[in-house]
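Have a look at data26.pdb; it's PDB, C-alpha atoms and all ligand atoms:
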```pdb
ATOM      1  CA  MET A   1       0.000   0.000   0.000
ATOM      2  CA  ARG A   2       2.930   2.208   0.730
ATOM      3  CA  ARG A   3       4.117   2.029  -2.831
ATOM      4  CA  ARG A   4       1.605   2.978  -5.407
ATOM      5  CA  SER A   5       3.004   2.907  -8.912
ATOM      6  CA  SER A   6       2.599   6.367 -10.329
ATOM      7  CA  GLY A   7       3.122   8.225 -13.531
ATOM      8  CA  GLN A   8      -0.068  10.235 -13.322
ATOM      9  CA  ARG A   9      -0.062  13.078 -10.867
ATOM     10  CA  GLN A  10      -2.757  12.859  -8.230
ATOM     11  CA  ASP A  11      -2.931  16.571  -7.480
ATOM     12  CA  GLY A  12      -4.812  17.775 -10.513
ATOM     13  CA  GLY A  13      -1.627  18.942 -12.244
ATOM     14  CA  ALA A  14      -0.571  17.944 -15.731
ATOM     15  CA  PRO A  15       0.266  14.260 -16.184
ATOM     16  CA  ALA A  16       3.954  13.576 -15.823
ATOM     17  CA  ALA A  17       5.728  13.651 -19.168
ATOM     18  CA  PRO A  18       6.946  10.261 -20.355
ATOM     19  CA  GLY A  19      10.589   9.332 -20.068
ATOM     20  CA  HIS A  20      13.047   9.456 -17.245
ATOM     21  CA  ALA A  21      13.528  12.057 -14.571
ATOM     22  CA  VAL A  22      17.290  11.651 -14.402
ATOM     23  CA  GLU A  23      19.808   9.974 -16.692
ATOM     24  CA  LEU A  24      23.533   9.846 -16.087
ATOM     25  CA  ARG A  25      25.766   8.374 -18.751
ATOM     26  CA  GLY A  26      29.417   7.697 -18.081
ATOM     27  CA  VAL A  27      29.602  10.501 -15.534
ATOM     28  CA  GLU A  28      33.123  11.118 -14.260
ATOM     29  CA  ARG A  29      34.227  13.841 -11.875
ATOM     30  CA  ARG A  30      37.905  14.362 -11.197
ATOM     31  CA  TYR A  31      39.324  16.927  -8.840
ATOM     32  CA  GLY A  32      42.859  18.087  -9.605
ATOM     33  CA  ARG A  33      45.262  16.616 -12.121
ATOM     34  CA  GLY A  34      48.121  14.194 -12.449
ATOM     35  CA  THR A  35      49.206  11.962  -9.595
ATOM     36  CA  GLY A  36      47.311  14.005  -6.997
ATOM     37  CA  ALA A  37      43.982  13.778  -8.867
ATOM     38  CA  VAL A  38      40.945  12.542  -6.932
ATOM     39  CA  HIS A  39      38.472  10.500  -8.954
ATOM     40  CA  ALA A  40      35.255  11.297  -7.112
ATOM     41  CA  LEU A  41      33.102   9.618  -9.796
ATOM     42  CA  ARG A  42      34.549   7.019 -12.165
ATOM     43  CA  GLY A  43      31.916   6.584 -14.857
ATOM     44  CA  VAL A  44      28.442   6.329 -13.370
ATOM     45  CA  ASP A  45      25.493   5.163 -15.512
ATOM     46  CA  LEU A  46      22.091   5.656 -13.961
ATOM     47  CA  THR A  47      18.479   5.963 -15.087
ATOM     48  CA  LEU A  48      15.805   7.017 -12.622
ATOM     49  CA  PRO A  49      12.179   6.751 -13.787
ATOM     50  CA  ARG A  50       9.667   9.441 -12.909
ATOM     51  CA  GLY A  51       7.608   8.858  -9.797
ATOM     52  CA  THR A  52      10.295   6.893  -7.969
ATOM     53  CA  TYR A  53      12.115   7.346  -4.664
ATOM     54  CA  THR A  54      15.830   6.514  -4.751
ATOM     55  CA  ALA A  55      18.273   6.454  -1.848
ATOM     56  CA  VAL A  56      21.964   6.953  -2.618
ATOM     57  CA  MET A  57      24.200   5.310  -0.047
ATOM     58  CA  GLY A  58      27.865   4.554   0.418
ATOM     59  CA  PRO A  59      30.774   5.053   2.795
ATOM     60  CA  SER A  60      32.060   8.534   3.494
ATOM     61  CA  GLY A  61      34.071   9.780   0.517
ATOM     62  CA  SER A  62      32.439   7.317  -1.924
ATOM     63  CA  GLY A  63      31.083  10.141  -4.117
ATOM     64  CA  LYS A  64      27.472  10.579  -2.929
ATOM     65  CA  SER A  65      27.577  14.378  -2.688
ATOM     66  CA  THR A  66      29.447  14.673  -5.963
ATOM     67  CA  LEU A  67      26.824  12.476  -7.637
ATOM     68  CA  LEU A  68      24.007  14.629  -6.278
ATOM     69  CA  GLN A  69      25.765  17.847  -7.283
ATOM     70  CA  CYS A  70      26.408  16.613 -10.822
ATOM     71  CA  ALA A  71      22.874  15.220 -11.212
ATOM     72  CA  ALA A  72      21.402  18.540 -10.029
ATOM     73  CA  GLY A  73      23.514  20.704 -12.324
ATOM     74  CA  LEU A  74      25.343  22.243  -9.360
ATOM     75  CA  ASP A  75      28.663  20.783 -10.482
ATOM     76  CA  ARG A  76      29.905  19.838 -13.929
ATOM     77  CA  PRO A  77      31.142  16.333 -14.704
ATOM     78  CA  THR A  78      34.639  16.024 -16.131
ATOM     79  CA  ALA A  79      33.208  13.541 -18.649
ATOM     80  CA  GLY A  80      29.852  12.003 -19.499
ATOM     81  CA  SER A  81      26.389  13.484 -19.662
ATOM     82  CA  VAL A  82      23.480  14.318 -17.384
ATOM     83  CA  VAL A  83      19.921  14.538 -18.741
ATOM     84  CA  LEU A  84      17.282  16.019 -16.451
ATOM     85  CA  GLY A  85      13.634  15.700 -17.430
ATOM     86  CA  GLY A  86      14.734  15.247 -21.047
ATOM     87  CA  THR A  87      17.143  18.223 -21.067
ATOM     88  CA  GLU A  88      20.815  17.554 -21.659
ATOM     89  CA  LEU A  89      22.805  19.663 -19.173
ATOM     90  CA  THR A  90      26.171  19.348 -20.890
ATOM     91  CA  GLY A  91      26.877  22.566 -22.714
ATOM     92  CA  LEU A  92      24.216  24.642 -20.948
ATOM     93  CA  GLY A  93      25.567  28.006 -19.782
ATOM     94  CA  GLU A  94      25.393  29.106 -16.138
ATOM     95  CA  ASN A  95      22.258  31.209 -16.690
ATOM     96  CA  LYS A  96      20.359  28.383 -18.339
ATOM     97  CA  LEU A  97      21.477  25.952 -15.640
ATOM     98  CA  THR A  98      20.322  28.312 -12.891
ATOM     99  CA  GLU A  99      16.994  28.771 -14.633
ATOM    100  CA  LEU A 100      16.569  25.004 -14.989
ATOM    101  CA  ARG A 101      17.414  24.417 -11.318
ATOM    102  CA  ARG A 102      14.899  27.038 -10.208
ATOM    103  CA  SER A 103      12.021  25.922 -12.366
ATOM    104  CA  ARG A 104      12.524  22.153 -12.652
ATOM    105  CA  LEU A 105      14.323  20.995  -9.515
ATOM    106  CA  GLY A 106      13.501  21.005  -5.827
ATOM    107  CA  PHE A 107      16.028  20.797  -2.998
ATOM    108  CA  VAL A 108      15.748  19.650   0.609
ATOM    109  CA  PHE A 109      18.827  19.969   2.832
ATOM    110  CA  GLN A 110      19.781  18.734   6.278
ATOM    111  CA  ALA A 111      19.814  22.321   7.581
ATOM    112  CA  PHE A 112      16.345  23.231   6.143
ATOM    113  CA  ASN A 113      17.754  26.442   4.538
ATOM    114  CA  LEU A 114      14.643  28.572   5.022
ATOM    115  CA  LEU A 115      14.872  32.352   4.931
ATOM    116  CA  PRO A 116      14.224  33.533   8.512
ATOM    117  CA  SER A 117      12.755  36.916   7.613
ATOM    118  CA  LEU A 118      10.101  35.473   5.315
ATOM    119  CA  THR A 119       6.869  33.838   6.446
ATOM    120  CA  VAL A 120       6.294  30.144   5.813
ATOM    121  CA  GLU A 121       4.085  30.948   2.827
ATOM    122  CA  GLN A 122       6.662  33.368   1.393
ATOM    123  CA  ASN A 123       9.383  30.728   1.773
ATOM    124  CA  VAL A 124       7.215  28.244  -0.116
ATOM    125  CA  LEU A 125       6.540  30.774  -2.874
ATOM    126  CA  LEU A 126      10.209  31.734  -3.221
ATOM    127  CA  PRO A 127      11.106  29.217  -5.970
ATOM    128  CA  MET A 128       8.210  30.563  -8.061
ATOM    129  CA  ARG A 129       9.349  34.139  -7.581
ATOM    130  CA  LEU A 130      12.958  33.242  -8.385
ATOM    131  CA  ALA A 131      11.831  31.384 -11.506
ATOM    132  CA  GLY A 132       9.914  34.465 -12.628
ATOM    133  CA  LEU A 133       6.571  32.679 -12.270
ATOM    134  CA  ARG A 134       3.423  34.186 -10.822
ATOM    135  CA  ALA A 135       3.364  33.620  -7.062
ATOM    136  CA  ASP A 136       0.454  31.202  -6.953
ATOM    137  CA  ARG A 137      -0.901  31.389  -3.401
ATOM    138  CA  ARG A 138      -3.454  28.675  -4.057
ATOM    139  CA  ARG A 139      -0.667  26.352  -5.082
ATOM    140  CA  ALA A 140       1.314  27.325  -1.960
ATOM    141  CA  GLY A 141      -1.784  26.584   0.130
ATOM    142  CA  GLY A 142      -2.098  23.209  -1.585
ATOM    143  CA  VAL A 143       1.469  22.096  -0.866
ATOM    144  CA  LEU A 144       1.300  23.453   2.687
ATOM    145  CA  ALA A 145      -1.848  21.357   3.186
ATOM    146  CA  ALA A 146      -0.038  18.345   1.695
ATOM    147  CA  VAL A 147       2.667  18.647   4.370
ATOM    148  CA  GLY A 148       0.163  19.303   7.157
ATOM    149  CA  LEU A 149       0.989  22.983   7.758
ATOM    150  CA  THR A 150      -2.169  24.744   6.601
ATOM    151  CA  GLU A 151      -2.403  26.710   9.831
ATOM    152  CA  HIS A 152       1.206  27.925   9.784
ATOM    153  CA  GLY A 153       1.485  29.968   6.571
ATOM    154  CA  ARG A 154       1.921  33.290   8.369
ATOM    155  CA  ARG A 155       4.498  32.156  10.878
ATOM    156  CA  ARG A 156       8.263  32.642  10.627
ATOM    157  CA  PRO A 157      10.551  29.604  10.482
ATOM    158  CA  ALA A 158      11.955  30.332  13.976
ATOM    159  CA  GLU A 159       8.471  29.804  15.440
ATOM    160  CA  LEU A 160       8.388  26.218  14.134
ATOM    161  CA  SER A 161       9.982  22.975  15.326
ATOM    162  CA  GLY A 162      12.772  21.367  13.278
ATOM    163  CA  GLY A 163      10.369  18.818  11.827
ATOM    164  CA  GLN A 164       7.904  21.548  10.853
ATOM    165  CA  GLN A 165      10.713  23.559   9.230
ATOM    166  CA  GLN A 166      11.677  20.532   7.159
ATOM    167  CA  ARG A 167       8.009  20.187   6.130
ATOM    168  CA  VAL A 168       8.150  23.776   4.885
ATOM    169  CA  ALA A 169      11.294  22.910   2.925
ATOM    170  CA  ILE A 170       9.466  19.944   1.350
ATOM    171  CA  ALA A 171       6.481  22.155   0.471
ATOM    172  CA  ARG A 172       8.943  24.624  -1.085
ATOM    173  CA  ALA A 173      10.535  21.787  -3.067
ATOM    174  CA  LEU A 174       7.126  20.626  -4.339
ATOM    175  CA  VAL A 175       5.648  23.991  -5.269
ATOM    176  CA  THR A 176       6.942  24.193  -8.857
ATOM    177  CA  ARG A 177       6.050  20.521  -9.595
ATOM    178  CA  PRO A 178       9.730  19.845 -10.294
ATOM    179  CA  ASP A 179      11.086  16.993 -12.414
ATOM    180  CA  VAL A 180      13.177  15.850  -9.449
ATOM    181  CA  ILE A 181      13.540  16.648  -5.753
ATOM    182  CA  PHE A 182      17.095  16.210  -4.492
ATOM    183  CA  ALA A 183      17.331  15.622  -0.750
ATOM    184  CA  ASP A 184      20.719  15.672   0.994
ATOM    185  CA  GLU A 185      20.560  13.947   4.413
ATOM    186  CA  PRO A 186      17.074  15.433   4.961
ATOM    187  CA  THR A 187      16.711  13.823   8.394
ATOM    188  CA  GLY A 188      20.266  14.400   9.606
ATOM    189  CA  ALA A 189      19.219  17.133  12.046
ATOM    190  CA  LEU A 190      16.047  15.459  13.345
ATOM    191  CA  ASP A 191      15.215  13.018  16.152
ATOM    192  CA  THR A 192      14.152   9.500  15.175
ATOM    193  CA  ARG A 193      10.403  10.040  15.434
ATOM    194  CA  THR A 194      10.427  13.321  13.508
ATOM    195  CA  ALA A 195      12.762  11.778  10.942
ATOM    196  CA  ALA A 196      10.230   8.980  10.356
ATOM    197  CA  GLU A 197       7.498  11.566   9.740
ATOM    198  CA  ILE A 198       9.652  13.419   7.206
ATOM    199  CA  LEU A 199      10.598  10.195   5.394
ATOM    200  CA  ALA A 200       6.939   9.141   5.252
ATOM    201  CA  LEU A 201       6.081  12.562   3.854
ATOM    202  CA  LEU A 202       8.661  12.208   1.062
ATOM    203  CA  ARG A 203       7.217   8.745   0.381
ATOM    204  CA  ARG A 204       3.730  10.272   0.090
ATOM    205  CA  ALA A 205       5.016  12.989  -2.230
ATOM    206  CA  VAL A 206       6.131  10.204  -4.569
ATOM    207  CA  ASP A 207       3.057   7.977  -4.200
ATOM    208  CA  GLU A 208       0.342  10.622  -4.134
ATOM    209  CA  LEU A 209       1.787  13.660  -5.909
ATOM    210  CA  GLY A 210       3.887  11.835  -8.498
ATOM    211  CA  ALA A 211       7.134  13.439  -7.330
ATOM    212  CA  THR A 212      10.545  11.919  -8.076
ATOM    213  CA  VAL A 213      12.907  11.940  -5.086
ATOM    214  CA  VAL A 214      16.647  11.270  -4.996
ATOM    215  CA  MET A 215      17.949  11.228  -1.433
ATOM    216  CA  VAL A 216      21.520  10.970  -0.206
ATOM    217  CA  THR A 217      21.641   9.369   3.221
ATOM    218  CA  HIS A 218      23.895   7.284   5.413
ATOM    219  CA  ASP A 219      20.935   5.986   7.446
ATOM    220  CA  PRO A 220      19.662   2.473   6.533
ATOM    221  CA  VAL A 221      16.261   3.261   8.075
ATOM    222  CA  ALA A 222      15.926   6.315   5.815
ATOM    223  CA  ALA A 223      16.912   4.214   2.791
ATOM    224  CA  SER A 224      14.194   1.663   3.640
ATOM    225  CA  TYR A 225      11.543   4.218   2.625
ATOM    226  CA  ALA A 226      12.916   4.299  -0.933
ATOM    227  CA  ASP A 227      11.965   2.101  -3.885
ATOM    228  CA  VAL A 228      15.632   1.470  -4.624
ATOM    229  CA  ALA A 229      18.832   1.937  -2.642
ATOM    230  CA  LEU A 230      21.906   2.534  -4.791
ATOM    231  CA  PHE A 231      25.338   1.897  -3.326
ATOM    232  CA  LEU A 232      28.434   3.825  -4.250
ATOM    233  CA  ALA A 233      31.964   2.728  -3.426
ATOM    234  CA  ASP A 234      35.077   4.593  -4.466
ATOM    235  CA  GLY A 235      33.248   6.670  -7.074
ATOM    236  CA  ALA A 236      31.486   3.790  -8.817
ATOM    237  CA  LEU A 237      28.110   2.089  -8.447
ATOM    238  CA  ALA A 238      28.496  -1.004  -6.304
ATOM    239  CA  GLY A 239      25.035  -2.556  -6.547
ATOM    240  CA  SER A 240      21.470  -1.761  -5.625
ATOM    241  CA  LEU A 241      18.579  -3.138  -3.577
ATOM    242  CA  SER A 242      14.922  -2.949  -4.590
ATOM    243  CA  ARG A 243      12.384  -2.240  -1.865
ATOM    244  CA  PRO A 244      15.147  -2.606   0.696
ATOM    245  CA  SER A 245      14.675  -3.284   4.384
ATOM    246  CA  ALA A 246      16.828  -1.335   6.830
ATOM    247  CA  ALA A 247      18.567  -4.586   7.820
ATOM    248  CA  GLU A 248      19.447  -5.447   4.218
ATOM    249  CA  VAL A 249      20.806  -1.954   3.657
ATOM    250  CA  ALA A 250      22.855  -2.065   6.864
ATOM    251  CA  ALA A 251      24.323  -5.441   5.862
ATOM    252  CA  ARG A 252      25.277  -4.128   2.427
ATOM    253  CA  MET A 253      26.847  -1.019   3.953
ATOM    254  CA  ALA A 254      28.847  -3.132   6.388
ATOM    255  CA  ALA A 255      30.185  -5.169   3.476
ATOM    256  CA  LEU A 256      31.218  -1.984   1.643
ATOM    257  CA  ASP A 257      32.792  -0.353   4.683
ATOM    258  CA  PRO A 258      33.837  -2.685   7.498
ATOM    259  CA  ARG A 259      34.464   0.351   9.733
ATOM    260  CA  ASP A 260      30.691   0.881   9.836
ATOM    261  CA  ALA A 261      30.152  -2.678  11.006
ATOM    262  CA  ARG A 262      32.667  -2.239  13.850
ATOM    263  CA  ARG A 263      31.004   1.044  14.829
ATOM    264  CA  GLU A 264      27.615  -0.690  14.955
ATOM    265  CA  ALA A 265      29.088  -3.368  17.200
ATOM    266  CA  GLY A 266      30.636  -0.713  19.431
ATOM    267  CA  THR A 267      34.158  -1.967  18.817
ATOM    268  CA  ALA A 268      35.497   0.906  16.738
ATOM    269  CA  ALA A 269      39.012   1.935  17.640
TER     270      ALA A 269
HETATM  271  P1  LIG B   1      30.570  11.469   0.011
HETATM  272  O1  LIG B   1      29.476  12.438  -0.212
HETATM  273  O2  LIG B   1      30.199  10.055  -0.323
HETATM  274  O3  LIG B   1      31.182  11.555   1.386
HETATM  275  P2  LIG B   1      32.064  13.163  -1.809
HETATM  276  O4  LIG B   1      31.295  13.176  -3.083
HETATM  277  O5  LIG B   1      31.944  14.331  -0.911
HETATM  278  O6  LIG B   1      31.759  11.806  -1.011
HETATM  279  O7  LIG B   1      33.610  13.016  -2.142
HETATM  280  C1  LIG B   1      34.143  12.006  -3.026
HETATM  281  C2  LIG B   1      35.640  12.177  -3.117
HETATM  282  O8  LIG B   1      35.949  13.413  -3.783
HETATM  283  C3  LIG B   1      36.348  12.259  -1.770
HETATM  284  O9  LIG B   1      37.596  11.633  -1.876
HETATM  285  C4  LIG B   1      36.499  13.746  -1.549
HETATM  286  O10 LIG B   1      37.600  14.009  -0.717
HETATM  287  C5  LIG B   1      36.738  14.246  -2.953
HETATM  288  N1  LIG B   1      36.283  15.640  -3.155
HETATM  289  C6  LIG B   1      35.004  16.091  -3.041
HETATM  290  N2  LIG B   1      34.940  17.405  -3.310
HETATM  291  C7  LIG B   1      36.211  17.802  -3.589
HETATM  292  C8  LIG B   1      36.817  19.060  -3.953
HETATM  293  N3  LIG B   1      36.091  20.179  -4.098
HETATM  294  N4  LIG B   1      38.139  19.070  -4.169
HETATM  295  C9  LIG B   1      38.898  17.943  -4.061
HETATM  296  N5  LIG B   1      38.378  16.743  -3.730
HETATM  297  C10 LIG B   1      37.068  16.661  -3.495
END
```
Written as structure tokens, that's how I'd like the structure from this file.
Ligand code: ADP
Amino acid sequence: MRRRSSGQRQDGGAPAAPGHAVELRGVERRYGRGTGAVHALRGVDLTLPRGTYTAVMGPSGSGKSTLLQCAAGLDRPTAGSVVLGGTELTGLGENKLTELRRSRLGFVFQAFNLLPSLTVEQNVLLPMRLAGLRADRRRAGGVLAAVGLTEHGRRRPAELSGGQQQRVAIARALVTRPDVIFADEPTGALDTRTAAEILALLRRAVDELGATVVMVTHDPVAASYADVALFLADGALAGSLSRPSAAEVAARMAALDPRDARREAGTAA
């Protein structure tokens, strides 16, 4: 029941366009040159269908952030191509990339990143304003209702709990009906119970609103909310799990990084 296959939006918006939300082909990202070069990504191929929830996992330094940054057009691959919602990013100038990020991507960060001087509703409307779209207050009301914050539109972020602030960030990410929502450790600053609420909300955004979510996390419980967990090791894909349980994800992580297993067992040096 948790996983309804989607493709049609359930919120009265236009049906999702066919095709994939994200495609990476042979994506490499190298920092520096010569013997000191760091190969953060070593040729990643990835296709993420619309209306899916993907967790990206891997040991520290395996390339998760670099993958997210390249997929979101925030960083440029050294080689390979990224296609977002059918648009090839390679060769797009900075202005076009910024425009694409504002109108077609949503972001949710560990630190919420709300503007403190704006009300909740104004924060939610910000991506529309930045994209030069009409500030659609009905739409803002709709996404605030979807995250359970109808009553809080006039408040400032500081008047809300951490979990509520992250709900605002999710509403803000949904407001433009983006091709993809990128979430970077979205529950990293939250207690376990609040984290579960936020993860369930992202799940609902996929199942009921037809959103596509790509989430970087190191938490096996967080990954268990996703349709697929992808594992990175040393800049390359190192397998995946469909409909993963937290235990399966933890076991896979332990195999990729034995230090994690020792930490779990409380025997880390
Ligand atoms: P993760 O998110 O999995 O911890 P990252 O994508 O941050 O991994 O990093 C992958 C590798 O690339 C690491 O070895 C990291 O040190 C290196 N790296 C990341 N960003 C830079 C940078 N700006 N300059 C040099 N090396 C970097």
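For the set A:Ala200, A:Met253, A:Leu190, A:Val228, the residue with the smallest atom-to-atom gap to Thr47 of chain A is A:Val228, counting all atoms listed in the file.
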Explicit residue set for the PyMOL selection byres (((chain A and resi 23-35) around 6) and not hetatm), as an MDAnalysis selection string: chainID A and resid 22 36:47 77:83
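Within the file as shown, the PyMOL selection byres (((chain A and resi 20) around 8) and not hetatm) identifies A:Pro18, A:Gly19, A:Ala21, A:Val22, A:Glu23, A:Thr47, A:Leu48, A:Pro49, A:Arg50, A:Leu84, A:Gly85, A:Gly86.
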Atom pair atom CA of Arg155 of chain A / atom CA of Phe182 of chain A: separation (Å):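 Here the two named atoms are 25.5 Å from each other.
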Could you list, as a short mmCIF file (atom, residue, chain, number, x, y, z; two decimals) with C-alpha atoms, in the frame of the given file, all the residues within 10 Å of ligand LIG 1 (chain B), counting all atoms listed in the file?
```
data_model
loop_
_atom_site.label_atom_id
_atom_site.label_comp_id
_atom_site.auth_asym_id
_atom_site.auth_seq_id
_atom_site.Cartn_x
_atom_site.Cartn_y
_atom_site.Cartn_z
CA ARG A 29 34.23 13.84 -11.88
CA ARG A 30 37.90 14.36 -11.20
CA TYR A 31 39.32 16.93 -8.84
CA GLY A 32 42.86 18.09 -9.60
CA GLY A 36 47.31 14.00 -7.00
CA ALA A 37 43.98 13.78 -8.87
CA VAL A 38 40.94 12.54 -6.93
CA HIS A 39 38.47 10.50 -8.95
CA ALA A 40 35.26 11.30 -7.11
CA LEU A 41 33.10 9.62 -9.80
CA VAL A 56 21.96 6.95 -2.62
CA MET A 57 24.20 5.31 -0.05
CA GLY A 58 27.86 4.55 0.42
CA PRO A 59 30.77 5.05 2.80
CA SER A 60 32.06 8.53 3.49
CA GLY A 61 34.07 9.78 0.52
CA SER A 62 32.44 7.32 -1.92
CA GLY A 63 31.08 10.14 -4.12
CA LYS A 64 27.47 10.58 -2.93
CA SER A 65 27.58 14.38 -2.69
CA THR A 66 29.45 14.67 -5.96
CA LEU A 67 26.82 12.48 -7.64
CA LEU A 68 24.01 14.63 -6.28
CA GLN A 69 25.76 17.85 -7.28
CA CYS A 70 26.41 16.61 -10.82
CA ASP A 75 28.66 20.78 -10.48
CA ASP A 184 20.72 15.67 0.99
CA VAL A 216 21.52 10.97 -0.21
CA THR A 217 21.64 9.37 3.22
CA HIS A 218 23.90 7.28 5.41
CA PHE A 231 25.34 1.90 -3.33
CA LEU A 232 28.43 3.82 -4.25
CA ALA A 233 31.96 2.73 -3.43
CA ASP A 234 35.08 4.59 -4.47
CA GLY A 235 33.25 6.67 -7.07
#
```
Which residues match the PyMOL selection byres (((chain A and resi 158) around 10) and not hetatm) in the file above, as a list in words?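 Evaluating the PyMOL selection byres (((chain A and resi 158) around 10) and not hetatm) on these coordinates yields Leu114, Leu115, Pro116, Ser117, Thr119, Val120, Arg155, Arg156, Pro157, Glu159, Leu160, Ser161, Gly162 and Gln165 of chain A.
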Write the residues of the preceding selection, restricted to C-alpha atoms, as a tab-separated table (two decimals), keeping the file's coordinate frame.
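Heads up, here's the output in part-v9.tsv:
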```
chain	number	residue	atom	x	y	z
A	114	LEU	CA	14.64	28.57	5.02
A	115	LEU	CA	14.87	32.35	4.93
A	116	PRO	CA	14.22	33.53	8.51
A	117	SER	CA	12.76	36.92	7.61
A	119	THR	CA	6.87	33.84	6.45
A	120	VAL	CA	6.29	30.14	5.81
A	155	ARG	CA	4.50	32.16	10.88
A	156	ARG	CA	8.26	32.64	10.63
A	157	PRO	CA	10.55	29.60	10.48
A	159	GLU	CA	8.47	29.80	15.44
A	160	LEU	CA	8.39	26.22	14.13
A	161	SER	CA	9.98	22.98	15.33
A	162	GLY	CA	12.77	21.37	13.28
A	165	GLN	CA	10.71	23.56	9.23
```
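By only C-alpha atoms, and with residues fewer than 5 positions from Phe107 of chain A along its chain excluded, the set lying at most 6 Å from it is A:Ala173, A:Ile181, A:Phe182, A:Ala183.
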Write the residues of the preceding selection, restricted to C-alpha atoms, as an mmCIF file, in the coordinates of the input.
```
data_model
loop_
_atom_site.group_PDB
_atom_site.id
_atom_site.type_symbol
_atom_site.label_atom_id
_atom_site.label_comp_id
_atom_site.auth_asym_id
_atom_site.auth_seq_id
_atom_site.Cartn_x
_atom_site.Cartn_y
_atom_site.Cartn_z
ATOM 1 C CA ALA A 173 10.535 21.787 -3.067
ATOM 2 C CA ILE A 181 13.540 16.648 -5.753
ATOM 3 C CA PHE A 182 17.095 16.210 -4.492
ATOM 4 C CA ALA A 183 17.331 15.622 -0.750
#
```
Skip Ser242 of chain A itself and residues of its chain fewer than 6 positions away, then list as number ranges by chain all residues within 9 Å of it, counting all atoms listed in the file. A: 226-230
Could you put an axis-aligned box around every listed atom of segment 71-90 of chain A, padded by 3 Å on each side, and send me its centre and edge lengths in Å to one decimal, as AutoDock Vina command-line options?
```
--center_x 24.1 --center_y 17.1 --center_z -15.5 --size_x 27.0 --size_y 16.2 --size_z 18.3
```
Mind pulling up the distance from atom CA of Val147 of chain A to atom CA of Ala211 of chain A?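 Atom-to-atom, atom CA of Ala211 of chain A and atom CA of Val147 of chain A are spaced 13.6 Å apart.
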Atom CA of Val213 of chain A to atom CA of Thr192 of chain A, straight-line distance in Å: 20.4 Å
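When only C-alpha atoms are used to compute distances to Arg172 of chain A, the closest of the residues A:Asp257, A:Glu248, A:Glu121, A:Glu94 turns out to be A:Glu121.
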Restricting the calculation to only C-alpha atoms, which member of A:Leu209, A:Leu237, A:Val175, A:Met215 is positioned closest to Gly106 of chain A? A:Val175
Please determine, counting only C-alpha atoms, which residue among A:Ala189, A:Ala55, A:Ala146, A:Leu100 has the shortest atom-to-atom distance to Pro220 of chain A.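 The closest residue to Pro220 of chain A is A:Ala55.
Nearest to Leu199 of chain A of all the residues A:Val108, A:Ala255, A:Ala145, A:Leu89 is A:Val108, based on all atoms listed in the file.
With all atoms listed in the file as the atoms that count, the residue of A:Arg243, A:Tyr53, A:Leu118, A:Ala251 with the shortest distance to Leu201 of chain A is A:Tyr53.
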If we count all atoms listed in the file and set the cut-off at 12 Å, which residues sit around Arg129 of chain A, ignoring sequence neighbours fewer than 2 positions away in its own chain? Please answer as a list in words. Glu99, Arg102, Ser103, Gln122, Asn123, Val124, Leu125, Leu126, Pro127, Ala131, Gly132, Leu133, Arg134, Ala135, Asp136, Arg137, Ala140, Arg172, Val175 and Thr176 of chain A
